[in-house]
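J.: Sharing a structure here in structure tokens format.
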Amino acid sequence: MSQITVAAVQLPACRHDRGANLAAVESALAEAATAGADLAVLPELATTPYFCAEPAGAYRDWAEPIPGPLTQYLGAVAAGLGLTVVLPMFERDTAGTFHNSAVVLDNGRIRPAVDREGRGSEAARKLHLPVGDEPPPGFDEPAHFTAGDRLGVHALDRLRVGTLICYDRRFPECWRELRSLGADLVAVPVAGSGGDSAEFFLGELRTHARENGLYAVAANKVGTEWVGGHPVDNFGESCVVGPDGELLAHRPRRDGPGLVLATVDLDVLAQTRRALRYFQHRRTDLFPSAPQEVS
């Protein structure tokens with residue numbers, strides 16, 4: 001019972017047809033369930049093209065509340081398949097504010113992310129919103145989203161999951177905080193390429209997983225999305241990384257859409273943390289602002 005099968009779902013590029021995008025997600029989840037997965041992680045903005053090179057306001061009619069029709073529908077689908085799903089989505093909150101978010105659907109219900117103060121949030125919201133010109137056509141996420149303001153962990157029956165949406169993976173303090181909150185695994189939904197080579201992308205994830213003693217599951221789309229006449233390149237490279245930094249499974253771009261399957265073993269996690277004690281050996285006396293482990 002210490003083993004959980006996880007699937008990083010490498011989706012095809014999204015189209016301008018919400019029904020087609022949703023159908024692709026459903027098909028992939030069914031495939032993951034058939035393959036024996038217990039947990040499936042979907043890419044960033046799983047049912048929406050990455051539209052952040054467009055003027056502010058683009059695609060806002062695609063945004064949904066949480067809970068809402070998308071979470072209810074895919075929650076029912078996932079429950080019927082016996083899957084827990086990390087679903088990234090374009091969120092419109094009750095105040096009419098927009099977020100790049102992810103929800104965890106477990107047995108058809110939303111499992112909240114609980115932060116250091118014990119506050120539960122229905123969604124993990126992207127904390128860091130990048131602006132840049134490279135790769136073309138560039139992106140301006142603050143024009144489209146409001147940043148989140150907290151990190152939390154979703155407590156499942158056998159696993160504690162944190163979520164870092166795409167750019168959030170760049171910041172080591174986020175990984176430290178999730179480990180401090182008791183996460184066993186970090187889901188990393190991704191879209192696009194971020195200007196990285198595949199080697200750098202994988203190496204970055206392997207480093208963060210090892211230095212924090214965490215499993216990491218990264219899911220990206222693959223292929224080109226055309227938004228406003230501009231191509232957005234999604235480079236795939238979805239993967240599962242072990243807590244020692246080893247690459248357990250990987251789907252390179254050339255293999256196209258599909259699944260990356262691996263086993264998360266909580267006994268191995270405990271053994272690795274005893275052997276690689278980087279987190280315990282932190283000099284918190286020198287760096288008192290470092291996240292302290294929640295008891």
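Labels used: A, B, ... for chains in the order of the structure tokens, numbers from 1 for residues in each chain, and numbers from 1 for ligands as shown.
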Using DSSP on the backbone coordinates, identify the residues of range 34-278 of chain A assigned to strand (DSSP E); present them as a ChimeraX atom specification.
T.: /A:39-41,84-92,98-106,109-110,113-114,120-121,124-125,131-132,139-140,153-155,160-163,185-189,215-219,222-227,230-235,238-241,247-251,258-265
J.: Name the residues in contact with Leu164 in chain A at a cut-off of 9 Å, using only C-alpha atoms, excluding same-chain residues fewer than 3 positions from it; report them as a ChimeraX atom specification.
T.: /A:124-127,151,167-169,174-175,186-189
J.: Quick one: residues within 12 Å of Asp17 in chain A, only C-alpha atoms counted, chain neighbours fewer than 2 positions away excluded, as an mmCIF file with all heavy atoms, in the first residue's frame?
T.:
```
data_model
loop_
_atom_site.group_PDB
_atom_site.id
_atom_site.type_symbol
_atom_site.label_atom_id
_atom_site.label_comp_id
_atom_site.auth_asym_id
_atom_site.auth_seq_id
_atom_site.Cartn_x
_atom_site.Cartn_y
_atom_site.Cartn_z
ATOM 1 N N ALA A 13 -1.396 19.873 -28.222
ATOM 2 C CA ALA A 13 -1.653 21.309 -28.153
ATOM 3 C C ALA A 13 -3.148 21.573 -28.189
ATOM 4 O O ALA A 13 -3.898 20.908 -28.913
ATOM 5 C CB ALA A 13 -0.965 22.014 -29.318
ATOM 6 N N CYS A 14 -3.591 22.556 -27.402
ATOM 7 C CA CYS A 14 -5.011 22.891 -27.374
ATOM 8 C C CYS A 14 -5.424 23.612 -28.657
ATOM 9 O O CYS A 14 -4.630 24.308 -29.300
ATOM 10 C CB CYS A 14 -5.328 23.772 -26.164
ATOM 11 S SG CYS A 14 -5.465 22.865 -24.615
ATOM 12 N N ARG A 15 -6.685 23.469 -28.998
ATOM 13 C CA ARG A 15 -7.277 24.117 -30.154
ATOM 14 C C ARG A 15 -8.216 25.220 -29.685
ATOM 15 O O ARG A 15 -8.387 25.457 -28.487
ATOM 16 C CB ARG A 15 -8.020 23.073 -30.992
ATOM 17 C CG ARG A 15 -7.088 22.010 -31.559
ATOM 18 C CD ARG A 15 -7.780 20.703 -31.869
ATOM 19 N NE ARG A 15 -8.920 20.874 -32.769
ATOM 20 C CZ ARG A 15 -9.717 19.881 -33.153
ATOM 21 N NH1 ARG A 15 -9.492 18.656 -32.707
ATOM 22 N NH2 ARG A 15 -10.723 20.109 -33.963
ATOM 23 N N GLY A 19 -14.684 22.023 -26.689
ATOM 24 C CA GLY A 19 -15.153 20.641 -26.668
ATOM 25 C C GLY A 19 -14.073 19.664 -27.071
ATOM 26 O O GLY A 19 -13.925 18.591 -26.458
ATOM 27 N N ALA A 20 -13.296 20.023 -28.099
ATOM 28 C CA ALA A 20 -12.208 19.146 -28.547
ATOM 29 C C ALA A 20 -11.117 19.038 -27.488
ATOM 30 O O ALA A 20 -10.559 17.956 -27.260
ATOM 31 C CB ALA A 20 -11.625 19.668 -29.854
ATOM 32 N N ASN A 21 -10.808 20.149 -26.836
ATOM 33 C CA ASN A 21 -9.791 20.123 -25.779
ATOM 34 C C ASN A 21 -10.238 19.254 -24.614
ATOM 35 O O ASN A 21 -9.447 18.469 -24.062
ATOM 36 C CB ASN A 21 -9.506 21.537 -25.293
ATOM 37 C CG ASN A 21 -8.956 22.441 -26.378
ATOM 38 O OD1 ASN A 21 -8.399 21.962 -27.375
ATOM 39 N ND2 ASN A 21 -9.124 23.739 -26.214
ATOM 40 N N LEU A 22 -11.493 19.377 -24.236
ATOM 41 C CA LEU A 22 -12.023 18.569 -23.145
ATOM 42 C C LEU A 22 -12.026 17.092 -23.520
ATOM 43 O O LEU A 22 -11.699 16.223 -22.697
ATOM 44 C CB LEU A 22 -13.434 19.035 -22.785
ATOM 45 C CG LEU A 22 -14.107 18.350 -21.598
ATOM 46 C CD1 LEU A 22 -13.286 18.508 -20.335
ATOM 47 C CD2 LEU A 22 -15.511 18.921 -21.395
ATOM 48 N N ALA A 23 -12.372 16.789 -24.766
ATOM 49 C CA ALA A 23 -12.375 15.403 -25.222
ATOM 50 C C ALA A 23 -10.977 14.802 -25.159
ATOM 51 O O ALA A 23 -10.801 13.619 -24.813
ATOM 52 C CB ALA A 23 -12.935 15.312 -26.638
ATOM 53 N N ALA A 24 -9.955 15.603 -25.481
ATOM 54 C CA ALA A 24 -8.577 15.114 -25.402
ATOM 55 C C ALA A 24 -8.193 14.788 -23.961
ATOM 56 O O ALA A 24 -7.516 13.782 -23.696
ATOM 57 C CB ALA A 24 -7.617 16.148 -25.985
ATOM 58 N N THR A 47 -7.149 22.843 -20.715
ATOM 59 C CA THR A 47 -8.210 22.880 -21.724
ATOM 60 C C THR A 47 -8.241 24.203 -22.490
ATOM 61 O O THR A 47 -9.206 24.492 -23.189
ATOM 62 C CB THR A 47 -9.587 22.637 -21.075
ATOM 63 O OG1 THR A 47 -9.843 23.652 -20.101
ATOM 64 C CG2 THR A 47 -9.650 21.274 -20.397
ATOM 65 N N THR A 48 -7.167 25.000 -22.359
ATOM 66 C CA THR A 48 -7.124 26.340 -22.949
ATOM 67 C C THR A 48 -5.780 26.567 -23.634
ATOM 68 O O THR A 48 -4.746 26.231 -23.058
ATOM 69 C CB THR A 48 -7.286 27.412 -21.843
ATOM 70 O OG1 THR A 48 -8.427 27.115 -21.049
ATOM 71 C CG2 THR A 48 -7.431 28.798 -22.426
ATOM 72 N N PRO A 49 -5.731 27.131 -24.821
ATOM 73 C CA PRO A 49 -4.434 27.500 -25.387
ATOM 74 C C PRO A 49 -3.718 28.508 -24.483
ATOM 75 O O PRO A 49 -4.349 29.242 -23.720
ATOM 76 C CB PRO A 49 -4.805 28.154 -26.730
ATOM 77 C CG PRO A 49 -6.176 27.675 -27.039
ATOM 78 C CD PRO A 49 -6.859 27.478 -25.719
ATOM 79 N N TYR A 59 -9.653 35.471 -24.041
ATOM 80 C CA TYR A 59 -10.117 34.171 -23.557
ATOM 81 C C TYR A 59 -10.848 34.248 -22.213
ATOM 82 O O TYR A 59 -11.107 33.205 -21.603
ATOM 83 C CB TYR A 59 -8.953 33.170 -23.461
ATOM 84 C CG TYR A 59 -8.561 32.585 -24.801
ATOM 85 C CD1 TYR A 59 -7.739 33.300 -25.665
ATOM 86 C CD2 TYR A 59 -9.029 31.344 -25.208
ATOM 87 C CE1 TYR A 59 -7.388 32.786 -26.900
ATOM 88 C CE2 TYR A 59 -8.682 30.822 -26.447
ATOM 89 C CZ TYR A 59 -7.860 31.554 -27.288
ATOM 90 O OH TYR A 59 -7.510 31.037 -28.508
ATOM 91 N N TRP A 62 -13.618 31.980 -21.440
ATOM 92 C CA TRP A 62 -13.293 30.578 -21.182
ATOM 93 C C TRP A 62 -13.039 30.304 -19.704
ATOM 94 O O TRP A 62 -12.988 29.142 -19.293
ATOM 95 C CB TRP A 62 -12.054 30.153 -21.980
ATOM 96 C CG TRP A 62 -12.266 29.996 -23.447
ATOM 97 C CD1 TRP A 62 -12.976 30.809 -24.279
ATOM 98 C CD2 TRP A 62 -11.715 28.964 -24.288
ATOM 99 N NE1 TRP A 62 -12.905 30.351 -25.573
ATOM 100 C CE2 TRP A 62 -12.144 29.217 -25.610
ATOM 101 C CE3 TRP A 62 -10.905 27.870 -24.053
ATOM 102 C CZ2 TRP A 62 -11.787 28.407 -26.683
ATOM 103 C CZ3 TRP A 62 -10.538 27.061 -25.118
ATOM 104 C CH2 TRP A 62 -10.981 27.316 -26.421
ATOM 105 N N GLU A 225 0.379 25.641 -30.635
ATOM 106 C CA GLU A 225 -0.921 26.294 -30.491
ATOM 107 C C GLU A 225 -0.851 27.630 -31.221
ATOM 108 O O GLU A 225 0.092 28.401 -31.014
ATOM 109 C CB GLU A 225 -1.253 26.522 -29.011
ATOM 110 C CG GLU A 225 -1.420 25.224 -28.235
ATOM 111 C CD GLU A 225 -1.605 25.426 -26.741
ATOM 112 O OE1 GLU A 225 -1.213 26.504 -26.217
ATOM 113 O OE2 GLU A 225 -2.129 24.502 -26.096
#
```
J.: Any idea what the distance is between CA of Ser289 in chain A and CA of Leu269 in chain A?
T.: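 Straight-line distance from CA of Ser289 in chain A to CA of Leu269 in chain A works out to 26.1 Å.
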J.: Might you pull out every residue within 12 Å of Ala58 in chain A, with only C-alpha atoms counted and same-chain residues fewer than 2 positions away left off, and present them as a ChimeraX atom specification?
T.: /A:48-56,60-63,90,98,140-141,143-145,227-228
J.: Those residues with C-alpha atoms, as a PDB file, in the first residue's frame please?
T.:
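Wrote again.pdb, looks like this:
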```
ATOM      1  CA  THR A  48      -7.124  26.340 -22.949  1.00  0.00           C
ATOM      2  CA  PRO A  49      -4.434  27.500 -25.387  1.00  0.00           C
ATOM      3  CA  TYR A  50      -1.614  29.494 -23.812  1.00  0.00           C
ATOM      4  CA  PHE A  51      -2.914  32.953 -24.731  1.00  0.00           C
ATOM      5  CA  CYS A  52      -0.585  35.219 -22.758  1.00  0.00           C
ATOM      6  CA  ALA A  53       0.866  36.979 -25.812  1.00  0.00           C
ATOM      7  CA  GLU A  54      -2.589  38.390 -26.504  1.00  0.00           C
ATOM      8  CA  PRO A  55      -3.965  41.704 -25.155  1.00  0.00           C
ATOM      9  CA  ALA A  56      -5.521  41.707 -21.686  1.00  0.00           C
ATOM     10  CA  ARG A  60     -11.834  35.489 -20.441  1.00  0.00           C
ATOM     11  CA  ASP A  61     -15.090  33.929 -21.582  1.00  0.00           C
ATOM     12  CA  TRP A  62     -13.293  30.578 -21.182  1.00  0.00           C
ATOM     13  CA  ALA A  63     -12.527  31.156 -17.494  1.00  0.00           C
ATOM     14  CA  PHE A  90      -8.202  29.258 -16.151  1.00  0.00           C
ATOM     15  CA  PHE A  98      -8.719  35.758 -12.980  1.00  0.00           C
ATOM     16  CA  ASP A 140       2.661  38.984 -20.285  1.00  0.00           C
ATOM     17  CA  GLU A 141       0.952  36.872 -17.654  1.00  0.00           C
ATOM     18  CA  ALA A 143      -2.043  41.210 -17.997  1.00  0.00           C
ATOM     19  CA  HIS A 144      -4.207  38.104 -17.737  1.00  0.00           C
ATOM     20  CA  PHE A 145      -3.906  36.704 -14.208  1.00  0.00           C
ATOM     21  CA  VAL A 227      -3.127  32.159 -30.822  1.00  0.00           C
ATOM     22  CA  GLY A 228      -3.702  35.529 -32.502  1.00  0.00           C
TER      23      GLY A 228
END
```
J.: Work out how far CA of Val264 in chain A is from CA of Leu214 in chain A, in Å to one decimal.
T.: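 It comes out at 10.1 Å.
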J.: Can you list, as a PyMOL selection string, all residues belonging to range 38-250 of chain A that DSSP tags as helix (DSSP H, G or I)?
T.: chain A and resi 60-62+69-81+141-143+166-170+172-180+198-212
J.: Hey, can you check how far CA of Arg277 in chain A sits from CA of Arg210 in chain A?
T.: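 These two atoms are separated by 9.9 Å.
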J.: Excluding Ala79 in chain A and residues on its chain fewer than 4 positions from it, collect all residues at most 12 Å away from it, counting only C-alpha atoms, and give them as a PyMOL selection string.
T.: chain A and resi 29-30+33+38-39+71-75+83-85+104-110
J.: Just the selected residues (C-alpha atoms), exported as an mmCIF file, in the first residue's frame, please.
T.:
```cif
data_model
loop_
_atom_site.group_PDB
_atom_site.id
_atom_site.type_symbol
_atom_site.label_atom_id
_atom_site.label_comp_id
_atom_site.auth_asym_id
_atom_site.auth_seq_id
_atom_site.Cartn_x
_atom_site.Cartn_y
_atom_site.Cartn_z
ATOM 1 C CA LEU A 29 -7.565 10.181 -18.353
ATOM 2 C CA ALA A 30 -9.266 7.015 -19.589
ATOM 3 C CA ALA A 33 -6.846 4.637 -15.707
ATOM 4 C CA ASP A 38 -3.892 6.232 -9.311
ATOM 5 C CA LEU A 39 -2.934 9.890 -9.841
ATOM 6 C CA THR A 71 -14.438 20.754 -12.121
ATOM 7 C CA GLN A 72 -17.816 19.086 -11.675
ATOM 8 C CA TYR A 73 -17.678 17.351 -15.044
ATOM 9 C CA LEU A 74 -14.086 16.146 -14.859
ATOM 10 C CA GLY A 75 -14.528 15.307 -11.186
ATOM 11 C CA LEU A 83 -8.420 8.456 -10.615
ATOM 12 C CA THR A 84 -7.209 11.418 -8.615
ATOM 13 C CA VAL A 85 -6.465 14.275 -11.031
ATOM 14 C CA VAL A 104 -6.990 18.399 -7.142
ATOM 15 C CA LEU A 105 -10.019 16.227 -7.838
ATOM 16 C CA ASP A 106 -10.126 13.199 -5.558
ATOM 17 C CA ASN A 107 -13.068 10.798 -5.667
ATOM 18 C CA GLY A 108 -14.930 13.502 -7.559
ATOM 19 C CA ARG A 109 -14.380 16.143 -4.895
ATOM 20 C CA ILE A 110 -11.991 19.072 -4.626
#
```
J.: Need the shell around range 191-202 of chain A: protein/DNA/RNA residues with any atom at most 6 Å away, counting only C-alpha atoms. Skip same-chain ones fewer than 6 positions apart. Format as a short mmCIF file (atom, residue, chain, number, x, y, z; two decimals) with N, CA and C atoms, in the first residue's frame?
T.:
```cif
data_model
loop_
_atom_site.label_atom_id
_atom_site.label_comp_id
_atom_site.auth_asym_id
_atom_site.auth_seq_id
_atom_site.Cartn_x
_atom_site.Cartn_y
_atom_site.Cartn_z
N GLU A 44 -0.39 22.65 -17.58
CA GLU A 44 -0.90 24.00 -17.30
C GLU A 44 -1.97 24.38 -18.34
N PRO A 135 10.57 32.90 -25.48
CA PRO A 135 10.57 32.76 -26.94
C PRO A 135 9.43 33.55 -27.56
N ASN A 220 3.51 18.45 -19.54
CA ASN A 220 3.48 19.54 -20.51
C ASN A 220 2.65 19.10 -21.71
N LYS A 221 2.18 20.07 -22.47
CA LYS A 221 1.59 19.79 -23.77
C LYS A 221 2.72 19.57 -24.78
N ASP A 233 4.90 27.27 -28.94
CA ASP A 233 5.49 25.95 -29.02
C ASP A 233 5.48 25.27 -27.66
N ASN A 234 4.86 24.11 -27.59
CA ASN A 234 4.88 23.29 -26.38
C ASN A 234 5.84 22.12 -26.63
N PHE A 235 6.85 21.98 -25.77
CA PHE A 235 7.91 21.05 -26.13
C PHE A 235 7.86 19.71 -25.42
#
```
J.: Given the choices A:Gln280, A:Thr146, A:Ser238, A:Thr272, which gets closest to Asp184 in chain A if the distance is worked out from only C-alpha atoms?
T.: A:Thr272
